[in-house]
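Containing TSV, C-alpha atoms: target01.tsv.
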```tsv
chain	number	residue	atom	x	y	z
A	1	MET	CA	108.85	114.25	113.76
A	2	LEU	CA	106.21	116.49	112.21
A	3	GLU	CA	107.85	119.51	113.84
A	4	ASP	CA	111.27	118.41	112.51
A	5	PHE	CA	109.94	118.13	108.94
A	6	THR	CA	108.43	121.61	109.14
A	7	ARG	CA	111.52	123.13	110.80
A	8	ILE	CA	113.95	121.64	108.28
A	9	GLY	CA	111.61	122.43	105.37
A	10	ARG	CA	111.60	126.08	106.39
A	11	ARG	CA	115.39	126.12	106.59
A	12	LEU	CA	115.69	124.56	103.14
A	13	PHE	CA	113.44	127.30	101.72
A	14	SER	CA	115.09	130.15	103.59
A	15	GLU	CA	118.52	129.06	102.33
A	16	HIS	CA	117.22	128.65	98.76
A	17	LEU	CA	118.06	124.95	98.73
A	18	VAL	CA	114.58	124.11	97.38
A	19	GLY	CA	111.96	126.10	95.52
A	20	GLY	CA	108.25	125.65	94.95
A	21	ASN	CA	107.18	122.16	95.84
A	22	PHE	CA	110.52	120.59	94.87
A	23	GLY	CA	112.47	118.23	97.12
A	24	ASN	CA	111.45	115.75	99.77
A	25	MET	CA	112.47	114.39	103.16
A	26	SER	CA	112.09	111.15	105.05
A	27	VAL	CA	112.80	109.66	108.47
A	28	ARG	CA	113.14	105.97	109.26
A	29	ALA	CA	110.51	104.45	111.56
A	30	GLU	CA	109.99	101.04	113.09
A	31	GLU	CA	107.43	100.09	110.45
A	32	GLY	CA	109.29	101.62	107.47
A	33	TYR	CA	109.80	105.34	106.99
A	34	PHE	CA	107.82	108.57	106.86
A	35	ILE	CA	108.25	110.57	103.63
A	36	THR	CA	106.83	113.87	102.52
A	37	LYS	CA	103.88	113.69	100.12
A	38	THR	CA	104.37	114.22	96.42
A	39	GLY	CA	103.83	117.85	95.47
A	40	SER	CA	103.85	119.06	99.07
A	41	TYR	CA	105.60	122.24	100.09
A	42	LEU	CA	108.37	121.40	102.52
A	43	ASP	CA	107.78	124.55	104.54
A	44	ALA	CA	104.05	123.91	104.97
A	45	ASP	CA	102.68	123.88	108.50
A	46	PRO	CA	101.91	121.17	109.24
A	47	ALA	CA	104.18	119.17	106.96
A	48	GLN	CA	102.43	116.48	104.94
A	49	TYR	CA	103.89	112.98	104.97
A	50	VAL	CA	102.94	109.34	104.52
A	51	LEU	CA	104.26	106.07	105.97
A	52	MET	CA	106.09	103.88	103.45
A	53	PRO	CA	107.07	100.23	103.97
A	54	LEU	CA	110.62	99.14	103.15
A	55	ASN	CA	109.42	96.30	100.92
A	56	GLY	CA	108.91	98.51	97.86
A	57	ARG	CA	105.11	98.73	97.95
A	58	VAL	CA	104.00	102.28	97.26
A	59	THR	CA	101.80	104.19	99.66
A	60	PRO	CA	99.47	106.48	97.69
A	61	GLY	CA	100.67	110.07	97.84
A	62	ALA	CA	104.33	109.28	98.57
A	63	SER	CA	106.99	111.45	96.96
A	64	SER	CA	107.99	110.48	93.43
A	65	GLU	CA	111.51	109.80	94.78
A	66	TRP	CA	110.28	107.04	97.14
A	67	ARG	CA	112.44	104.49	95.28
A	68	VAL	CA	115.60	106.38	96.27
A	69	HIS	CA	114.57	106.59	99.92
A	70	THR	CA	113.65	102.90	100.05
A	71	ALA	CA	116.92	101.86	98.41
A	72	VAL	CA	119.03	104.01	100.75
A	73	TYR	CA	117.32	102.67	103.87
A	74	ASN	CA	117.64	99.08	102.65
A	75	ALA	CA	121.36	99.55	101.83
A	76	SER	CA	122.53	101.56	104.85
A	77	ASN	CA	122.00	102.46	108.49
A	78	HIS	CA	121.02	106.04	107.70
A	79	GLN	CA	117.99	107.25	109.65
A	80	ALA	CA	116.94	110.29	107.59
A	81	ILE	CA	117.21	111.63	104.03
A	82	VAL	CA	116.87	115.13	102.59
A	83	HIS	CA	116.55	115.60	98.83
A	84	ALA	CA	116.98	119.20	97.69
A	85	HIS	CA	117.71	121.16	94.52
A	86	PRO	CA	120.52	123.54	95.53
A	87	PRO	CA	121.39	125.67	92.48
A	88	TYR	CA	125.20	125.73	92.79
A	89	ALA	CA	125.38	121.97	93.39
A	90	VAL	CA	123.08	121.30	90.43
A	91	ALA	CA	125.06	123.69	88.21
A	92	LEU	CA	128.44	122.17	89.09
A	93	SER	CA	127.08	118.68	88.50
A	94	LEU	CA	126.19	119.74	84.95
A	95	VAL	CA	129.57	121.21	84.04
A	96	SER	CA	131.84	118.66	85.73
A	97	ASP	CA	132.64	115.25	84.31
A	98	VAL	CA	134.10	114.07	87.62
A	99	ASP	CA	133.12	114.00	91.28
A	100	ILE	CA	133.31	117.32	93.08
A	101	VAL	CA	136.41	117.82	95.22
A	102	THR	CA	135.78	120.45	97.89
A	103	ILE	CA	138.37	123.11	98.68
A	104	ASP	CA	136.96	124.98	101.68
A	105	SER	CA	137.76	123.98	105.26
A	106	GLU	CA	134.26	122.67	106.12
A	107	GLY	CA	134.07	120.65	102.92
A	108	ARG	CA	137.53	119.15	103.40
A	109	LEU	CA	136.57	118.13	106.92
A	110	LEU	CA	133.07	116.71	106.32
A	111	ALA	CA	132.85	115.86	102.61
A	112	PRO	CA	136.21	116.10	100.83
A	113	GLU	CA	134.74	114.54	97.68
A	114	ILE	CA	131.09	114.56	96.64
A	115	GLN	CA	130.12	111.85	94.20
A	116	VAL	CA	128.05	112.87	91.17
A	117	VAL	CA	125.64	110.14	90.08
A	118	GLU	CA	123.25	109.84	87.16
A	119	GLY	CA	119.80	108.45	86.56
A	120	PRO	CA	116.35	109.63	85.53
A	121	CYS	CA	114.32	111.32	88.27
A	122	GLY	CA	112.21	108.86	90.25
A	123	SER	CA	113.76	105.83	88.55
A	124	GLN	CA	115.07	102.60	90.01
A	125	ASN	CA	118.38	103.35	88.28
A	126	LEU	CA	118.72	106.60	90.24
A	127	ALA	CA	117.69	104.79	93.43
A	128	ASP	CA	120.41	102.17	92.92
A	129	VAL	CA	123.26	104.63	92.28
A	130	VAL	CA	122.26	106.98	95.10
A	131	ALA	CA	121.98	104.07	97.56
A	132	GLU	CA	125.38	102.77	96.50
A	133	GLY	CA	126.91	106.23	96.94
A	134	LEU	CA	125.32	106.78	100.34
A	135	LYS	CA	126.59	103.46	101.71
A	136	SER	CA	129.89	105.17	102.47
A	137	ALA	CA	128.99	108.86	102.41
A	138	HIS	CA	126.44	111.37	103.64
A	139	ILE	CA	125.90	113.27	100.37
A	140	VAL	CA	125.70	112.66	96.63
A	141	ILE	CA	124.58	114.90	93.80
A	142	ALA	CA	122.32	113.57	91.05
A	143	ARG	CA	123.56	115.25	87.87
A	144	GLY	CA	121.26	118.10	86.87
A	145	HIS	CA	118.74	117.16	89.53
A	146	GLY	CA	119.85	117.80	93.11
A	147	THR	CA	121.40	116.47	96.28
A	148	PHE	CA	120.52	113.43	98.33
A	149	ALA	CA	121.88	113.69	101.86
A	150	ALA	CA	121.51	111.10	104.60
A	151	GLY	CA	122.42	110.89	108.25
A	152	CYS	CA	121.63	109.75	111.76
A	153	ASP	CA	118.71	112.20	111.90
A	154	ILE	CA	116.99	114.86	109.79
A	155	ASP	CA	119.29	117.57	111.19
A	156	GLN	CA	122.42	115.78	109.99
A	157	ALA	CA	120.88	115.14	106.56
A	158	TYR	CA	120.02	118.85	106.34
A	159	LEU	CA	123.55	119.79	107.44
A	160	TYR	CA	125.09	117.81	104.56
A	161	THR	CA	122.61	119.36	102.11
A	162	SER	CA	123.62	122.84	103.22
A	163	LEU	CA	127.29	121.88	103.24
A	164	ALA	CA	127.18	120.62	99.66
A	165	GLU	CA	125.65	123.87	98.44
A	166	HIS	CA	128.19	125.93	100.39
A	167	CYS	CA	131.11	123.92	98.98
A	168	CYS	CA	129.80	124.15	95.42
A	169	LYS	CA	129.23	127.89	95.75
A	170	VAL	CA	132.80	128.37	97.00
A	171	LEU	CA	134.10	126.33	94.05
A	172	TYR	CA	132.03	128.36	91.62
A	173	LEU	CA	133.14	131.70	93.06
A	174	THR	CA	136.82	130.76	93.11
A	175	LYS	CA	136.70	129.59	89.48
A	176	THR	CA	134.89	132.80	88.49
A	177	TYR	CA	137.54	135.05	89.99
A	178	ARG	CA	140.69	133.21	88.88
```
Hey, can you dump this file as structure tokens for me?
Amino acid sequence: MLEDFTRIGRRLFSEHLVGGNFGNMSVRAEEGYFITKTGSYLDADPAQYVLMPLNGRVTPGASSEWRVHTAVYNASNHQAIVHAHPPYAVALSLVSDVDIVTIDSEGRLLAPEIQVVEGPCGSQNLADVVAEGLKSAHIVIARGHGTFAAGCDIDQAYLYTSLAEHCCKVLYLTKTYR
């Protein structure tokens, strides 16, 4: 798992899906889930993470978005979550009053509509709306904040993060050149 966190963290940085020490990742475990530490750099070697229980008690050092991860795991069967700050996805979430409808072939196939949710960063309100959105999807965008992607493993959660940014970039570029 440590190697997966580092590998995916490096991909997120290399694709400009996160910057600085923004974003976080988690993977479900038998005793709860492992989540990256607050303020940690996702491309650090070795990745820094802590074990969180699913009962809502906070492990010192856990990411500030632990509420979202806990809510998603308690509401779904997802096994991993990636939270990133992809610039095109964030930008489109700020200028659109509706969910994002993808137009490219990959988006139409894997995420034809991406729900845009709202709530203050790190809040229970954000946790509730993200968990509700991820019950029936793999990706949501928190308005002005970033993506939350979930899947059967960290690779699938990363894939949906990258997909959302790709779809939003295509939308942006096609609107720019019309």
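By chain and then residue number, the residues within 9 Å of A:Pro53 are Glu31, Gly32, Tyr33, Phe34, Arg57, Val58, Thr59 and Thr70 of chain A, counting only C-alpha atoms and disregarding those fewer than 4 positions away in sequence.
You can rank A:Arg67, A:Val170, A:Leu42, A:Gly122 by their closest distance to A:Thr102 using all atoms listed in the file, and at the top of that list sits A:Val170.
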Separation of atom CA of A:Trp66 from atom CA of A:Asp99 in Å |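 Here the two named atoms are 24.6 Å from each other.
Closest approach to A:Asp155 among A:Tyr73, A:Ser40, A:Ala29, A:Ile81: A:Ile81, based on all atoms listed in the file.
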Measuring atom to atom with all atoms listed in the file, identify which of A:Gln115, A:Ser64, A:Ser162, A:Gln124 is nearest to A:Ser93.
->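 Among the listed residues, the smallest separation from A:Ser93 belongs to A:Gln115.
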Determine the nearest neighbour of A:Gln79 from the options A:Leu12, A:Val18, A:Val116, A:Ala149, counting all atoms listed in the file.
->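 Of A:Leu12, A:Val18, A:Val116, A:Ala149, the one nearest A:Gln79, counting all atoms listed in the file, is A:Ala149.
Atom CA of A:Pro60 is found 18.8 Å from atom CA of A:Pro46.
Closest approach to A:Pro112 from the set A:Ala164, A:Ala142, A:Val95, A:Val130 is made by A:Ala164, with distances taken over all atoms listed in the file.
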Excluding same-chain residues fewer than 4 positions from A:Ala150, what lies within 7 Å of it counting all atoms listed in the file, as a list of chain:residue names?
->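 Here the qualifying residues turn out to be A:His78, A:Ala80, A:Ile81, A:Val82, A:His138, A:Ile139, A:Ala157.
Our summary of the geometry notes that atom CA of A:Val90 is positioned 15.3 Å from atom CA of A:Glu113.
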Might you pull out every residue within 9 Å of A:Ala62, with all atoms listed in the file counted and same-chain residues fewer than 6 positions away left off, and present them as a list of chain:residue names?
-> A:Ile35, A:Thr36, A:Lys37, A:Thr38, A:Tyr49, A:Val50, A:Leu51, A:Met52
Nearby residues (only C-alpha atoms) at most 12 Å from A:Leu126, same-chain spacing under 2 positions excluded, as a PDB file with C-alpha atoms, in the coordinates of the input:
```
ATOM      1  CA  SER A  64     107.990 110.480  93.430  1.00  0.00           C
ATOM      2  CA  GLU A  65     111.510 109.800  94.780  1.00  0.00           C
ATOM      3  CA  TRP A  66     110.280 107.040  97.140  1.00  0.00           C
ATOM      4  CA  ARG A  67     112.440 104.490  95.280  1.00  0.00           C
ATOM      5  CA  VAL A  68     115.600 106.380  96.270  1.00  0.00           C
ATOM      6  CA  HIS A  69     114.570 106.590  99.920  1.00  0.00           C
ATOM      7  CA  THR A  70     113.650 102.900 100.050  1.00  0.00           C
ATOM      8  CA  ALA A  71     116.920 101.860  98.410  1.00  0.00           C
ATOM      9  CA  VAL A  72     119.030 104.010 100.750  1.00  0.00           C
ATOM     10  CA  VAL A 116     128.050 112.870  91.170  1.00  0.00           C
ATOM     11  CA  VAL A 117     125.640 110.140  90.080  1.00  0.00           C
ATOM     12  CA  GLU A 118     123.250 109.840  87.160  1.00  0.00           C
ATOM     13  CA  GLY A 119     119.800 108.450  86.560  1.00  0.00           C
ATOM     14  CA  PRO A 120     116.350 109.630  85.530  1.00  0.00           C
ATOM     15  CA  CYS A 121     114.320 111.320  88.270  1.00  0.00           C
ATOM     16  CA  GLY A 122     112.210 108.860  90.250  1.00  0.00           C
ATOM     17  CA  SER A 123     113.760 105.830  88.550  1.00  0.00           C
ATOM     18  CA  GLN A 124     115.070 102.600  90.010  1.00  0.00           C
ATOM     19  CA  ASP A 128     120.410 102.170  92.920  1.00  0.00           C
ATOM     20  CA  VAL A 129     123.260 104.630  92.280  1.00  0.00           C
ATOM     21  CA  VAL A 130     122.260 106.980  95.100  1.00  0.00           C
ATOM     22  CA  ALA A 131     121.980 104.070  97.560  1.00  0.00           C
ATOM     23  CA  GLU A 132     125.380 102.770  96.500  1.00  0.00           C
ATOM     24  CA  GLY A 133     126.910 106.230  96.940  1.00  0.00           C
ATOM     25  CA  VAL A 140     125.700 112.660  96.630  1.00  0.00           C
ATOM     26  CA  ILE A 141     124.580 114.900  93.800  1.00  0.00           C
ATOM     27  CA  ALA A 142     122.320 113.570  91.050  1.00  0.00           C
ATOM     28  CA  ARG A 143     123.560 115.250  87.870  1.00  0.00           C
ATOM     29  CA  HIS A 145     118.740 117.160  89.530  1.00  0.00           C
ATOM     30  CA  GLY A 146     119.850 117.800  93.110  1.00  0.00           C
ATOM     31  CA  THR A 147     121.400 116.470  96.280  1.00  0.00           C
ATOM     32  CA  PHE A 148     120.520 113.430  98.330  1.00  0.00           C
TER      33      PHE A 148
END
```
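With only C-alpha atoms as the atoms that count, the residue of A:Ala127, A:Leu110, A:Asp97, A:Val27 with the shortest distance to A:Leu159 is A:Leu110.
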Residue list as a PyMOL selection string for point (101.7, 119.8, 111.3), cut-off 7 Å, only C-alpha atoms | chain A and resi 2-3+45-47
Fewer than 4 positions away in the same chain doesn't count, so skip those; otherwise give me all residues within 10 Å of A:Glu165, counting all atoms listed in the file, as a list in words.
->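 Close residues of A:Glu165: Glu15, His16, Leu17, Ala84, His85, Pro86, Pro87, Tyr88, Ala89, Val90, Leu92, Gly146, Thr147, Tyr160, Thr161, Lys169, Val170 and Leu171 of chain A.
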Could you turn the residues from that selection into a file that holds C-alpha atoms, as a PDB file, keeping the file's coordinate frame?
```pdb
ATOM      1  CA  GLU A  15     118.520 129.060 102.330  1.00  0.00           C
ATOM      2  CA  HIS A  16     117.220 128.650  98.760  1.00  0.00           C
ATOM      3  CA  LEU A  17     118.060 124.950  98.730  1.00  0.00           C
ATOM      4  CA  ALA A  84     116.980 119.200  97.690  1.00  0.00           C
ATOM      5  CA  HIS A  85     117.710 121.160  94.520  1.00  0.00           C
ATOM      6  CA  PRO A  86     120.520 123.540  95.530  1.00  0.00           C
ATOM      7  CA  PRO A  87     121.390 125.670  92.480  1.00  0.00           C
ATOM      8  CA  TYR A  88     125.200 125.730  92.790  1.00  0.00           C
ATOM      9  CA  ALA A  89     125.380 121.970  93.390  1.00  0.00           C
ATOM     10  CA  VAL A  90     123.080 121.300  90.430  1.00  0.00           C
ATOM     11  CA  LEU A  92     128.440 122.170  89.090  1.00  0.00           C
ATOM     12  CA  GLY A 146     119.850 117.800  93.110  1.00  0.00           C
ATOM     13  CA  THR A 147     121.400 116.470  96.280  1.00  0.00           C
ATOM     14  CA  TYR A 160     125.090 117.810 104.560  1.00  0.00           C
ATOM     15  CA  THR A 161     122.610 119.360 102.110  1.00  0.00           C
ATOM     16  CA  LYS A 169     129.230 127.890  95.750  1.00  0.00           C
ATOM     17  CA  VAL A 170     132.800 128.370  97.000  1.00  0.00           C
ATOM     18  CA  LEU A 171     134.100 126.330  94.050  1.00  0.00           C
TER      19      LEU A 171
END
```
Residues within 7 Å of (131.5, 122.6, 101.0), file coords, only C-alpha atoms, listed as number ranges by chain = A: 102, 104, 106-107, 163-168
Just write stretch 101-124 of chain A with N, CA and C atoms, as a compact mmCIF listing (two decimals), in the first residue's frame, taken from the block above.
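The result, written out as part.txt:
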```txt
# COMPACT_ATOMS: atom_id res chain seq x y z
N VAL A 101 -21.56 17.92 -17.81
CA VAL A 101 -21.87 16.87 -18.78
C VAL A 101 -20.68 16.75 -19.72
N THR A 102 -20.06 15.59 -19.74
CA THR A 102 -18.86 15.39 -20.55
C THR A 102 -19.23 15.20 -22.02
N ILE A 103 -18.30 15.58 -22.90
CA ILE A 103 -18.57 15.49 -24.34
C ILE A 103 -17.56 14.62 -25.08
N ASP A 104 -16.44 14.30 -24.46
CA ASP A 104 -15.43 13.48 -25.12
C ASP A 104 -15.78 12.00 -24.97
N SER A 105 -15.16 11.16 -25.79
CA SER A 105 -15.53 9.74 -25.81
C SER A 105 -15.25 9.04 -24.49
N GLU A 106 -14.11 9.32 -23.85
CA GLU A 106 -13.80 8.67 -22.57
C GLU A 106 -14.78 9.10 -21.48
N GLY A 107 -15.07 10.39 -21.45
CA GLY A 107 -16.02 10.90 -20.47
C GLY A 107 -17.40 10.31 -20.65
N ARG A 108 -17.88 10.28 -21.90
CA ARG A 108 -19.20 9.70 -22.16
C ARG A 108 -19.28 8.25 -21.72
N LEU A 109 -18.18 7.53 -21.88
CA LEU A 109 -18.15 6.12 -21.53
C LEU A 109 -18.08 5.90 -20.01
N LEU A 110 -17.21 6.64 -19.32
CA LEU A 110 -16.93 6.36 -17.90
C LEU A 110 -17.61 7.31 -16.91
N ALA A 111 -17.88 8.53 -17.33
CA ALA A 111 -18.51 9.50 -16.42
C ALA A 111 -19.27 10.54 -17.25
N PRO A 112 -20.43 10.13 -17.80
CA PRO A 112 -21.16 11.04 -18.69
C PRO A 112 -21.61 12.34 -18.01
N GLU A 113 -21.82 12.28 -16.71
CA GLU A 113 -22.19 13.48 -15.95
C GLU A 113 -21.44 13.45 -14.62
N ILE A 114 -20.81 14.57 -14.30
CA ILE A 114 -20.05 14.67 -13.05
C ILE A 114 -20.77 15.66 -12.15
N GLN A 115 -21.23 15.16 -11.02
CA GLN A 115 -21.97 15.99 -10.09
C GLN A 115 -21.05 17.01 -9.43
N VAL A 116 -21.55 18.25 -9.31
CA VAL A 116 -20.84 19.31 -8.59
C VAL A 116 -21.57 19.50 -7.27
N VAL A 117 -20.82 19.35 -6.17
CA VAL A 117 -21.39 19.45 -4.83
C VAL A 117 -20.77 20.66 -4.12
N GLU A 118 -21.40 21.05 -3.02
CA GLU A 118 -20.89 22.20 -2.27
C GLU A 118 -20.81 21.91 -0.79
N GLY A 119 -19.85 22.55 -0.15
CA GLY A 119 -19.68 22.45 1.29
C GLY A 119 -18.31 22.97 1.67
N PRO A 120 -18.19 23.54 2.86
CA PRO A 120 -16.89 24.05 3.30
C PRO A 120 -15.86 22.92 3.41
N CYS A 121 -14.63 23.22 3.06
CA CYS A 121 -13.54 22.24 3.14
C CYS A 121 -13.46 21.63 4.54
N GLY A 122 -13.33 20.33 4.60
CA GLY A 122 -13.16 19.63 5.86
C GLY A 122 -14.40 19.52 6.72
N SER A 123 -15.54 19.97 6.21
CA SER A 123 -16.77 20.00 7.02
C SER A 123 -17.58 18.71 6.91
N GLN A 124 -18.46 18.51 7.88
CA GLN A 124 -19.37 17.38 7.82
C GLN A 124 -20.36 17.56 6.67
```
